[in-house]
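**Q** My structure is stored as work_12.csv, with CSV, N, CA and C atoms.
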```csv
chain,number,residue,atom,x,y,z
A,1,MET,N,132.6,118.0,36.3
A,1,MET,CA,131.2,118.5,36.5
A,1,MET,C,131.3,120.0,36.5
A,2,LYS,N,130.2,120.6,35.9
A,2,LYS,CA,130.1,122.1,35.9
A,2,LYS,C,129.1,122.5,37.0
A,3,GLN,N,129.1,123.7,37.3
A,3,GLN,CA,128.1,124.3,38.3
A,3,GLN,C,127.0,125.0,37.5
A,4,TYR,N,125.8,124.9,38.0
A,4,TYR,CA,124.6,125.5,37.4
A,4,TYR,C,123.8,126.2,38.5
A,5,LEU,N,123.1,127.3,38.1
A,5,LEU,CA,122.3,128.0,39.0
A,5,LEU,C,120.8,127.9,38.4
A,6,LEU,N,119.9,127.5,39.3
A,6,LEU,CA,118.5,127.6,38.9
A,6,LEU,C,117.9,128.8,39.6
A,7,LEU,N,117.3,129.7,38.8
A,7,LEU,CA,116.6,130.8,39.4
A,7,LEU,C,115.1,130.5,39.3
A,8,ILE,N,114.5,130.5,40.5
A,8,ILE,CA,113.0,130.2,40.5
A,8,ILE,C,112.3,131.5,40.3
A,9,ARG,N,111.5,131.6,39.2
A,9,ARG,CA,110.8,132.9,38.9
A,9,ARG,C,109.3,132.6,39.1
A,10,THR,N,108.7,133.4,39.9
A,10,THR,CA,107.2,133.2,40.1
A,10,THR,C,106.5,134.6,40.0
A,11,GLN,N,105.2,134.5,39.9
A,11,GLN,CA,104.4,135.7,39.8
A,11,GLN,C,104.0,136.1,41.2
A,12,GLY,N,104.9,136.7,42.0
A,12,GLY,CA,104.6,137.1,43.3
A,12,GLY,C,105.0,135.9,44.3
A,13,ASP,N,104.4,136.0,45.5
A,13,ASP,CA,104.6,135.0,46.5
A,13,ASP,C,103.9,133.7,46.3
A,14,CYS,N,104.6,132.6,46.1
A,14,CYS,CA,104.1,131.3,45.8
A,14,CYS,C,103.1,130.8,46.9
A,15,ALA,N,103.5,131.1,48.1
A,15,ALA,CA,102.7,130.6,49.3
A,15,ALA,C,101.3,131.2,49.2
A,16,GLU,N,101.3,132.5,48.9
A,16,GLU,CA,100.0,133.2,48.8
A,16,GLU,C,99.1,132.7,47.7
A,17,GLN,N,99.7,132.4,46.5
A,17,GLN,CA,99.0,132.0,45.4
A,17,GLN,C,98.5,130.6,45.5
A,18,MET,N,99.2,129.7,46.1
A,18,MET,CA,98.9,128.3,46.2
A,18,MET,C,97.8,128.0,47.3
A,19,GLY,N,97.8,128.8,48.3
A,19,GLY,CA,96.9,128.5,49.4
A,19,GLY,C,97.7,127.6,50.4
A,20,ARG,N,97.3,127.6,51.6
A,20,ARG,CA,98.0,126.9,52.7
A,20,ARG,C,98.2,125.4,52.4
A,21,GLU,N,97.1,124.7,52.1
A,21,GLU,CA,97.2,123.2,52.0
A,21,GLU,C,98.1,122.8,50.8
A,22,LEU,N,97.9,123.4,49.6
A,22,LEU,CA,98.7,123.1,48.5
A,22,LEU,C,100.2,123.5,48.7
A,23,HIS,N,100.4,124.6,49.3
A,23,HIS,CA,101.7,125.1,49.6
A,23,HIS,C,102.5,124.1,50.5
A,24,GLU,N,101.8,123.6,51.5
A,24,GLU,CA,102.4,122.6,52.4
A,24,GLU,C,102.8,121.3,51.7
A,25,LYS,N,101.9,120.9,50.8
A,25,LYS,CA,102.2,119.7,49.9
A,25,LYS,C,103.4,120.0,49.0
A,26,HIS,N,103.4,121.2,48.5
A,26,HIS,CA,104.5,121.6,47.6
A,26,HIS,C,105.8,121.6,48.3
A,27,LEU,N,105.8,122.2,49.5
A,27,LEU,CA,107.1,122.2,50.3
A,27,LEU,C,107.6,120.8,50.6
A,28,GLN,N,106.7,119.8,50.8
A,28,GLN,CA,107.2,118.5,51.0
A,28,GLN,C,107.8,117.9,49.8
A,29,LYS,N,107.3,118.2,48.6
A,29,LYS,CA,107.8,117.8,47.3
A,29,LYS,C,109.2,118.4,47.1
A,30,VAL,N,109.3,119.7,47.5
A,30,VAL,CA,110.6,120.4,47.3
A,30,VAL,C,111.7,119.8,48.2
A,31,ILE,N,111.3,119.5,49.4
A,31,ILE,CA,112.2,118.8,50.4
A,31,ILE,C,112.7,117.5,49.8
A,32,ARG,N,111.8,116.7,49.2
A,32,ARG,CA,112.2,115.5,48.5
A,32,ARG,C,113.2,115.7,47.4
A,33,TYR,N,112.9,116.8,46.6
A,33,TYR,CA,113.7,117.2,45.5
A,33,TYR,C,115.1,117.5,46.0
A,34,ILE,N,115.2,118.3,47.0
A,34,ILE,CA,116.4,118.8,47.6
A,34,ILE,C,117.2,117.5,48.1
A,35,ASN,N,116.5,116.7,48.9
A,35,ASN,CA,117.2,115.5,49.4
A,35,ASN,C,117.7,114.6,48.3
A,36,ASN,N,117.0,114.5,47.2
A,36,ASN,CA,117.4,113.7,46.1
A,36,ASN,C,118.7,114.3,45.5
A,37,LEU,N,118.8,115.6,45.3
A,37,LEU,CA,120.0,116.2,44.8
A,37,LEU,C,121.2,116.0,45.8
A,38,LYS,N,120.9,116.1,47.1
A,38,LYS,CA,121.9,115.9,48.1
A,38,LYS,C,122.5,114.5,48.1
A,39,GLU,N,121.5,113.5,48.0
A,39,GLU,CA,122.0,112.1,47.9
A,39,GLU,C,122.8,111.8,46.7
A,40,GLN,N,122.6,112.5,45.6
A,40,GLN,CA,123.4,112.4,44.4
A,40,GLN,C,124.7,113.1,44.5
A,41,GLY,N,124.9,113.9,45.5
A,41,GLY,CA,126.1,114.7,45.7
A,41,GLY,C,126.2,115.9,44.8
A,42,ARG,N,125.0,116.4,44.3
A,42,ARG,CA,125.0,117.5,43.3
A,42,ARG,C,124.7,118.8,44.0
A,43,LEU,N,123.9,118.9,45.0
A,43,LEU,CA,123.4,120.2,45.6
A,43,LEU,C,124.6,120.9,46.3
A,44,LEU,N,124.8,122.1,46.0
A,44,LEU,CA,125.8,122.9,46.7
A,44,LEU,C,125.1,123.9,47.6
A,45,SER,N,124.0,124.4,47.2
A,45,SER,CA,123.2,125.4,48.0
A,45,SER,C,121.8,125.6,47.4
A,46,ALA,N,120.9,125.9,48.3
A,46,ALA,CA,119.5,126.2,47.8
A,46,ALA,C,118.8,126.9,48.9
A,47,GLN,N,118.1,128.0,48.6
A,47,GLN,CA,117.4,128.8,49.6
A,47,GLN,C,116.2,129.5,48.9
A,48,PRO,N,115.1,129.7,49.6
A,48,PRO,CA,114.1,130.7,49.1
A,48,PRO,C,114.6,132.1,49.4
A,49,LEU,N,114.0,133.0,48.7
A,49,LEU,CA,114.3,134.4,48.9
A,49,LEU,C,113.1,135.2,49.4
A,50,THR,N,113.3,136.2,50.2
A,50,THR,CA,112.2,137.0,50.6
A,50,THR,C,111.7,137.9,49.4
A,51,MET,N,110.5,138.4,49.6
A,51,MET,CA,109.9,139.2,48.5
A,51,MET,C,110.5,140.7,48.6
A,52,GLU,N,111.2,141.0,49.6
A,52,GLU,CA,111.7,142.4,49.7
A,52,GLU,C,113.2,142.4,49.3
A,53,GLY,N,113.7,143.5,48.9
A,53,GLY,CA,115.1,143.7,48.5
A,53,GLY,C,115.3,145.1,48.0
A,54,SER,N,116.5,145.3,47.4
A,54,SER,CA,116.8,146.6,46.8
A,54,SER,C,117.5,146.3,45.5
A,55,ILE,N,117.3,147.2,44.6
A,55,ILE,CA,118.0,147.2,43.3
A,55,ILE,C,118.9,148.5,43.3
A,56,ILE,N,120.2,148.3,43.1
A,56,ILE,CA,121.1,149.4,43.0
A,56,ILE,C,121.4,149.7,41.5
A,57,ARG,N,121.2,150.9,41.1
A,57,ARG,CA,121.3,151.3,39.7
A,57,ARG,C,122.3,152.3,39.4
A,58,GLY,N,123.1,152.1,38.4
A,58,GLY,CA,124.0,153.1,37.9
A,58,GLY,C,125.2,153.5,38.8
A,59,LYS,N,126.1,154.3,38.3
A,59,LYS,CA,127.3,154.7,39.1
A,59,LYS,C,127.0,155.4,40.4
A,60,ALA,N,125.9,156.2,40.4
A,60,ALA,CA,125.5,156.9,41.6
A,60,ALA,C,125.0,156.0,42.7
A,61,GLY,N,124.7,154.8,42.3
A,61,GLY,CA,124.2,153.8,43.3
A,61,GLY,C,122.8,154.1,43.8
A,62,THR,N,122.0,154.5,42.9
A,62,THR,CA,120.6,154.8,43.3
A,62,THR,C,119.9,153.5,43.7
A,63,PHE,N,119.2,153.6,44.8
A,63,PHE,CA,118.5,152.4,45.4
A,63,PHE,C,117.1,152.4,45.1
A,64,LYS,N,116.5,151.3,44.8
A,64,LYS,CA,115.1,151.1,44.6
A,64,LYS,C,114.7,150.0,45.5
A,65,ASP,N,113.9,150.2,46.6
A,65,ASP,CA,113.5,149.2,47.5
A,65,ASP,C,112.3,148.4,47.0
A,66,GLY,N,112.2,147.1,47.3
A,66,GLY,CA,111.1,146.3,46.9
A,66,GLY,C,110.2,146.0,48.1
A,67,PRO,N,109.1,145.4,47.9
A,67,PRO,CA,108.7,144.6,46.7
A,67,PRO,C,108.5,145.5,45.5
A,68,PHE,N,108.8,144.9,44.3
A,68,PHE,CA,108.8,145.6,43.1
A,68,PHE,C,107.5,145.4,42.3
A,69,ILE,N,106.5,146.2,42.7
A,69,ILE,CA,105.1,146.1,42.2
A,69,ILE,C,105.1,146.2,40.6
A,70,GLU,N,105.9,147.0,40.0
A,70,GLU,CA,105.9,147.2,38.6
A,70,GLU,C,106.3,145.9,37.8
A,71,SER,N,106.9,145.0,38.5
A,71,SER,CA,107.3,143.7,37.9
A,71,SER,C,106.5,142.6,38.5
A,72,LYS,N,105.7,141.9,37.7
A,72,LYS,CA,104.9,140.8,38.2
A,72,LYS,C,105.7,139.6,38.6
A,73,GLU,N,106.9,139.4,37.9
A,73,GLU,CA,107.7,138.3,38.2
A,73,GLU,C,108.8,138.6,39.2
A,74,VAL,N,109.0,137.7,40.1
A,74,VAL,CA,110.1,137.9,41.1
A,74,VAL,C,110.9,136.6,41.1
A,75,ILE,N,112.2,136.8,41.6
A,75,ILE,CA,113.0,135.6,41.8
A,75,ILE,C,112.7,135.1,43.2
A,76,ALA,N,112.1,134.0,43.3
A,76,ALA,CA,111.7,133.5,44.6
A,76,ALA,C,112.7,132.6,45.3
A,77,GLY,N,113.7,132.1,44.6
A,77,GLY,CA,114.7,131.3,45.2
A,77,GLY,C,115.7,130.8,44.2
A,78,TYR,N,116.7,130.0,44.7
A,78,TYR,CA,117.7,129.5,43.8
A,78,TYR,C,118.2,128.2,44.3
A,79,PHE,N,118.8,127.4,43.4
A,79,PHE,CA,119.5,126.2,43.6
A,79,PHE,C,120.8,126.3,42.9
A,80,LEU,N,121.9,126.0,43.6
A,80,LEU,CA,123.2,125.9,43.0
A,80,LEU,C,123.6,124.4,43.1
A,81,PHE,N,123.9,123.8,41.9
A,81,PHE,CA,124.2,122.4,41.8
A,81,PHE,C,125.2,122.0,40.7
A,82,THR,N,125.6,120.8,40.7
A,82,THR,CA,126.5,120.3,39.6
A,82,THR,C,125.8,119.4,38.6
A,83,ALA,N,126.2,119.5,37.4
A,83,ALA,CA,125.7,118.6,36.3
A,83,ALA,C,126.8,118.5,35.3
A,84,LYS,N,126.8,117.4,34.4
A,84,LYS,CA,127.8,117.2,33.5
A,84,LYS,C,127.7,118.2,32.3
A,85,ASP,N,126.5,118.7,32.0
A,85,ASP,CA,126.3,119.6,30.9
A,85,ASP,C,125.0,120.3,31.0
A,86,MET,N,124.7,121.2,30.1
A,86,MET,CA,123.4,122.0,30.1
A,86,MET,C,122.2,121.1,30.0
A,87,ASP,N,122.3,120.1,29.1
A,87,ASP,CA,121.2,119.2,29.0
A,87,ASP,C,120.8,118.5,30.3
A,88,GLU,N,121.8,118.0,31.0
A,88,GLU,CA,121.5,117.4,32.3
A,88,GLU,C,121.0,118.4,33.3
A,89,ALA,N,121.5,119.6,33.2
A,89,ALA,CA,121.0,120.7,34.1
A,89,ALA,C,119.6,121.0,33.8
A,90,LYS,N,119.2,121.0,32.6
A,90,LYS,CA,117.8,121.3,32.2
A,90,LYS,C,116.9,120.2,32.7
A,91,GLN,N,117.4,118.9,32.6
A,91,GLN,CA,116.6,117.8,33.1
A,91,GLN,C,116.3,117.9,34.6
A,92,ILE,N,117.4,118.3,35.3
A,92,ILE,CA,117.3,118.5,36.8
A,92,ILE,C,116.2,119.6,37.1
A,93,ALA,N,116.3,120.7,36.3
A,93,ALA,CA,115.4,121.8,36.5
A,93,ALA,C,113.9,121.4,36.2
A,94,MET,N,113.7,120.6,35.1
A,94,MET,CA,112.4,120.2,34.7
A,94,MET,C,111.8,119.2,35.7
A,95,SER,N,112.6,118.6,36.6
A,95,SER,CA,112.0,117.7,37.6
A,95,SER,C,111.6,118.5,38.8
A,96,HIS,N,111.8,119.8,38.9
A,96,HIS,CA,111.4,120.6,40.1
A,96,HIS,C,109.9,120.5,40.3
A,97,PRO,N,109.4,120.3,41.5
A,97,PRO,CA,108.0,120.2,41.7
A,97,PRO,C,107.2,121.4,41.4
A,98,LEU,N,107.8,122.6,41.2
A,98,LEU,CA,107.1,123.8,40.9
A,98,LEU,C,106.3,123.6,39.6
A,99,PHE,N,106.8,122.8,38.7
A,99,PHE,CA,106.0,122.6,37.4
A,99,PHE,C,104.8,121.8,37.6
A,100,GLU,N,104.7,121.0,38.7
A,100,GLU,CA,103.5,120.3,39.0
A,100,GLU,C,102.5,121.1,39.7
A,101,ASP,N,102.9,122.1,40.5
A,101,ASP,CA,102.0,122.9,41.4
A,101,ASP,C,101.7,124.3,41.0
A,102,SER,N,102.3,124.8,39.9
A,102,SER,CA,102.1,126.1,39.5
A,102,SER,C,102.1,126.2,38.0
A,103,ASP,N,101.2,127.0,37.4
A,103,ASP,CA,101.1,127.2,36.0
A,103,ASP,C,101.9,128.3,35.4
A,104,ASP,N,102.2,129.3,36.3
A,104,ASP,CA,102.8,130.5,35.7
A,104,ASP,C,104.3,130.7,36.2
A,105,SER,N,104.9,129.7,36.8
A,105,SER,CA,106.3,129.9,37.3
A,105,SER,C,107.3,129.4,36.2
A,106,ARG,N,108.5,130.0,36.3
A,106,ARG,CA,109.5,129.6,35.4
A,106,ARG,C,110.8,129.3,36.1
A,107,ILE,N,111.7,128.5,35.6
A,107,ILE,CA,113.0,128.3,36.2
A,107,ILE,C,114.0,128.6,35.1
A,108,GLU,N,114.9,129.5,35.5
A,108,GLU,CA,116.0,129.9,34.6
A,108,GLU,C,117.2,129.0,34.9
A,109,VAL,N,117.8,128.4,33.9
A,109,VAL,CA,119.0,127.6,34.2
A,109,VAL,C,120.2,128.3,33.6
A,110,ARG,N,121.2,128.5,34.4
A,110,ARG,CA,122.4,129.2,34.0
A,110,ARG,C,123.7,128.5,34.5
A,111,GLU,N,124.6,128.3,33.5
A,111,GLU,CA,125.9,127.8,33.9
A,111,GLU,C,126.7,128.8,34.6
A,112,ILE,N,127.4,128.4,35.7
A,112,ILE,CA,128.4,129.3,36.4
A,112,ILE,C,129.6,129.4,35.6
A,113,LYS,N,130.0,130.6,35.2
A,113,LYS,CA,131.2,130.8,34.4
A,113,LYS,C,132.4,130.8,35.3
A,114,GLN,N,133.4,130.0,35.0
A,114,GLN,CA,134.6,129.9,35.8
A,114,GLN,C,135.6,130.9,35.4
A,115,GLU,N,135.9,131.9,36.1
A,115,GLU,CA,136.9,132.9,35.8
A,115,GLU,C,138.1,132.8,36.7
A,116,LYS,N,139.3,132.7,36.2
A,116,LYS,CA,140.5,132.6,37.0
A,116,LYS,C,140.6,133.9,37.9
A,117,GLY,N,140.9,133.6,39.2
A,117,GLY,CA,141.1,134.7,40.1
A,117,GLY,C,139.8,135.2,40.8
A,118,ILE,N,138.6,134.7,40.3
A,118,ILE,CA,137.4,135.0,40.9
A,118,ILE,C,136.8,133.8,41.7
A,119,ASN,N,136.9,132.6,41.1
A,119,ASN,CA,136.3,131.4,41.7
A,119,ASN,C,137.3,130.7,42.5
```
Output the file's structure as C-alpha coordinates, nothing else.
**A**
Amino acid sequence: MKQYLLLIRTQGDCAEQMGRELHEKHLQKVIRYINNLKEQGRLLSAQPLTMEGSIIRGKAGTFKDGPFIESKEVIAGYFLFTAKDMDEAKQIAMSHPLFEDSDDSRIEVREIKQEKGIN
(Lines of atoms letter the chains of each structure in order from A and count residues from 1; the text may use other names and numbers.)
(Lines give C-alpha, C1' and ligand atoms only; values in the text may rest on other atoms or scores of the structure.)
Protein backbone atom coordinates (compact mmCIF):
# COMPACT_ATOMS: atom_id res chain seq x y z
CA MET A 1 0.00 0.00 0.00
CA LYS A 2 1.13 3.52 -0.78
CA GLN A 3 0.50 6.67 1.21
CA TYR A 4 -1.54 9.56 -0.17
CA LEU A 5 -2.29 13.07 0.99
CA LEU A 6 -5.60 14.80 0.36
CA LEU A 7 -5.38 18.58 0.54
CA ILE A 8 -8.77 20.15 1.11
CA ARG A 9 -8.95 23.43 -0.83
CA THR A 10 -11.80 25.84 -0.17
CA GLN A 11 -12.73 29.42 -0.95
CA GLY A 12 -12.11 30.76 2.55
CA ASP A 13 -13.58 29.36 5.75
CA CYS A 14 -16.05 26.54 5.03
CA ALA A 15 -17.93 27.09 8.30
CA GLU A 16 -18.67 30.71 7.43
CA GLN A 17 -19.77 29.89 3.88
CA MET A 18 -22.05 26.99 4.81
CA GLY A 19 -23.84 28.58 7.71
CA ARG A 20 -24.21 26.97 11.13
CA GLU A 21 -26.85 24.32 10.39
CA LEU A 22 -25.33 23.03 7.13
CA HIS A 23 -21.85 23.09 8.65
CA GLU A 24 -23.02 20.95 11.61
CA LYS A 25 -24.51 18.40 9.19
CA HIS A 26 -21.33 18.52 7.11
CA LEU A 27 -19.18 17.83 10.20
CA GLN A 28 -21.26 14.75 11.00
CA LYS A 29 -20.70 13.47 7.44
CA VAL A 30 -16.96 14.11 7.75
CA ILE A 31 -16.86 12.20 11.05
CA ARG A 32 -18.54 9.23 9.33
CA TYR A 33 -16.05 9.53 6.45
CA ILE A 34 -13.14 9.53 8.92
CA ASN A 35 -14.56 6.61 10.90
CA ASN A 36 -15.01 4.63 7.69
CA LEU A 37 -11.35 5.18 6.74
CA LYS A 38 -10.30 4.19 10.28
CA GLU A 39 -12.38 1.01 10.18
CA GLN A 40 -10.68 0.09 6.88
CA GLY A 41 -7.28 0.64 8.51
CA ARG A 42 -6.41 3.33 5.94
CA LEU A 43 -6.39 6.61 7.87
CA LEU A 44 -3.00 7.70 9.20
CA SER A 45 -3.88 11.29 10.10
CA ALA A 46 -6.47 14.00 9.38
CA GLN A 47 -6.94 17.51 10.72
CA PRO A 48 -8.52 20.81 9.75
CA LEU A 49 -6.18 23.80 9.49
CA THR A 50 -6.68 27.31 10.82
CA MET A 51 -7.08 30.16 8.35
CA GLU A 52 -3.96 31.86 9.74
CA GLY A 53 -0.36 30.99 8.97
CA SER A 54 2.89 32.23 7.49
CA ILE A 55 4.60 31.74 4.17
CA ILE A 56 8.39 31.80 4.22
CA ARG A 57 9.90 32.93 0.93
CA GLY A 58 13.41 32.76 -0.48
CA LYS A 59 16.86 32.42 1.08
CA ALA A 60 16.35 35.49 3.23
CA GLY A 61 13.39 33.78 4.88
CA THR A 62 10.96 36.61 4.27
CA PHE A 63 7.72 35.95 6.14
CA LYS A 64 4.24 36.76 4.95
CA ASP A 65 1.58 36.27 7.60
CA GLY A 66 -1.96 35.20 6.72
CA PRO A 67 -4.84 35.08 6.26
CA PHE A 68 -3.85 35.51 2.66
CA ILE A 69 -6.49 37.84 1.22
CA GLU A 70 -4.92 37.94 -2.25
CA SER A 71 -5.60 34.23 -2.62
CA LYS A 72 -9.25 33.20 -2.61
CA GLU A 73 -8.37 29.55 -2.18
CA VAL A 74 -6.97 28.20 1.08
CA ILE A 75 -5.87 24.77 2.24
CA ALA A 76 -8.47 24.05 4.90
CA GLY A 77 -7.31 20.61 6.00
CA TYR A 78 -5.63 17.35 5.10
CA PHE A 79 -6.04 13.58 5.21
CA LEU A 80 -3.09 11.17 5.15
CA PHE A 81 -4.15 7.65 4.23
CA THR A 82 -3.16 4.47 2.40
CA ALA A 83 -4.42 3.15 -0.95
CA LYS A 84 -3.19 0.56 -3.43
CA ASP A 85 -2.80 3.11 -6.26
CA MET A 86 -3.76 6.59 -7.47
CA ASP A 87 -7.09 5.38 -8.87
CA GLU A 88 -8.14 4.04 -5.49
CA ALA A 89 -6.88 7.22 -3.80
CA LYS A 90 -9.01 9.32 -6.18
CA GLN A 91 -12.07 7.19 -5.37
CA ILE A 92 -11.48 7.81 -1.66
CA ALA A 93 -11.16 11.54 -2.34
CA MET A 94 -14.32 11.62 -4.46
CA SER A 95 -16.32 10.10 -1.61
CA HIS A 96 -15.45 13.02 0.71
CA PRO A 97 -18.65 14.80 1.87
CA LEU A 98 -17.27 18.17 0.81
CA PHE A 99 -18.47 17.46 -2.71
CA GLU A 100 -22.04 17.06 -1.43
CA ASP A 101 -22.01 20.25 0.61
CA SER A 102 -19.89 22.73 -1.35
CA ASP A 103 -19.83 23.83 -4.97
CA ASP A 104 -16.47 25.58 -5.07
CA SER A 105 -14.19 23.30 -3.04
CA ARG A 106 -11.47 21.08 -4.47
CA ILE A 107 -9.46 18.17 -3.14
CA GLU A 108 -5.91 17.64 -4.33
CA VAL A 109 -4.69 14.03 -4.25
CA ARG A 110 -0.93 13.52 -3.98
CA GLU A 111 1.12 10.36 -3.50
CA ILE A 112 3.74 10.55 -0.77
CA LYS A 113 7.13 10.01 -2.37
CA GLN A 114 9.23 7.53 -0.44
CA GLU A 115 12.84 8.73 -0.22
CA LYS A 116 15.47 6.64 1.51
CA GLY A 117 16.84 8.37 4.58
CA ILE A 118 13.84 10.70 4.86
CA ASN A 119 10.89 8.43 5.57
**Q** Taking the chain letters and numbering used in this document, name the residues of chain A that DSSP puts in strand (DSSP E), as a ChimeraX atom specification.
**A** /A:2-11,43-48,54-57,62-65,73-83,106-111
**Q** Rounded to one decimal place, report the atom CA of A:Gln91-atom CA of A:Gly12 distance in Å.
**A**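 Between these atoms lies a distance of 24.9 Å.
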**Q** Give me the residues within 12 Å of stretch 43-51 of chain A as a PyMOL selection string, counting only C-alpha atoms and dropping any in the same chain fewer than 4 places off.
**A** chain A and resi 2-16+27+30-31+33-39+65-69+71-83+89+92
**Q** As AutoDock Vina command-line options, please report the centre and edge lengths, rounded to one decimal in Å, of the axis-aligned box that holds all listed atoms of stretch 46-57 of chain A with 8 Å of padding on each of the six sides.
**A**
```
--center_x 116.1 --center_y 139.1 --center_z 45.0 --size_x 28.4 --size_y 42.4 --size_z 27.2
```
**Q** Quick one: of A:Met1, A:Gly117, A:Glu88, A:His23, who's nearest to A:Ser102, counting only C-alpha atoms?
**A** A:His23
**Q** So, with all atoms listed in the file as the atoms that count, which of A:Arg42, A:Lys29, A:Lys59, A:Lys113 lies closest to A:Pro97?
**A**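 Among the listed residues, the smallest separation from A:Pro97 belongs to A:Lys29.
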**Q** In Å, rounded to a single decimal, give me how far atom CA of A:Arg110 is from atom CA of A:Leu98.
**A**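 Straight-line distance from atom CA of A:Leu98 to atom CA of A:Arg110 works out to 17.6 Å.
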**Q** Enumerate as a ChimeraX atom specification all residues of chain A assigned to helix (DSSP H, G or I) by DSSP on the backbone, naming them with the chain letters and numbers the document uses.
**A** /A:14-18,20-39,86-94,98-101
**Q** Quick one: distance from atom CA of A:Val109 to atom CA of A:Gly58 in Å, one decimal?
**A** 26.2 Å
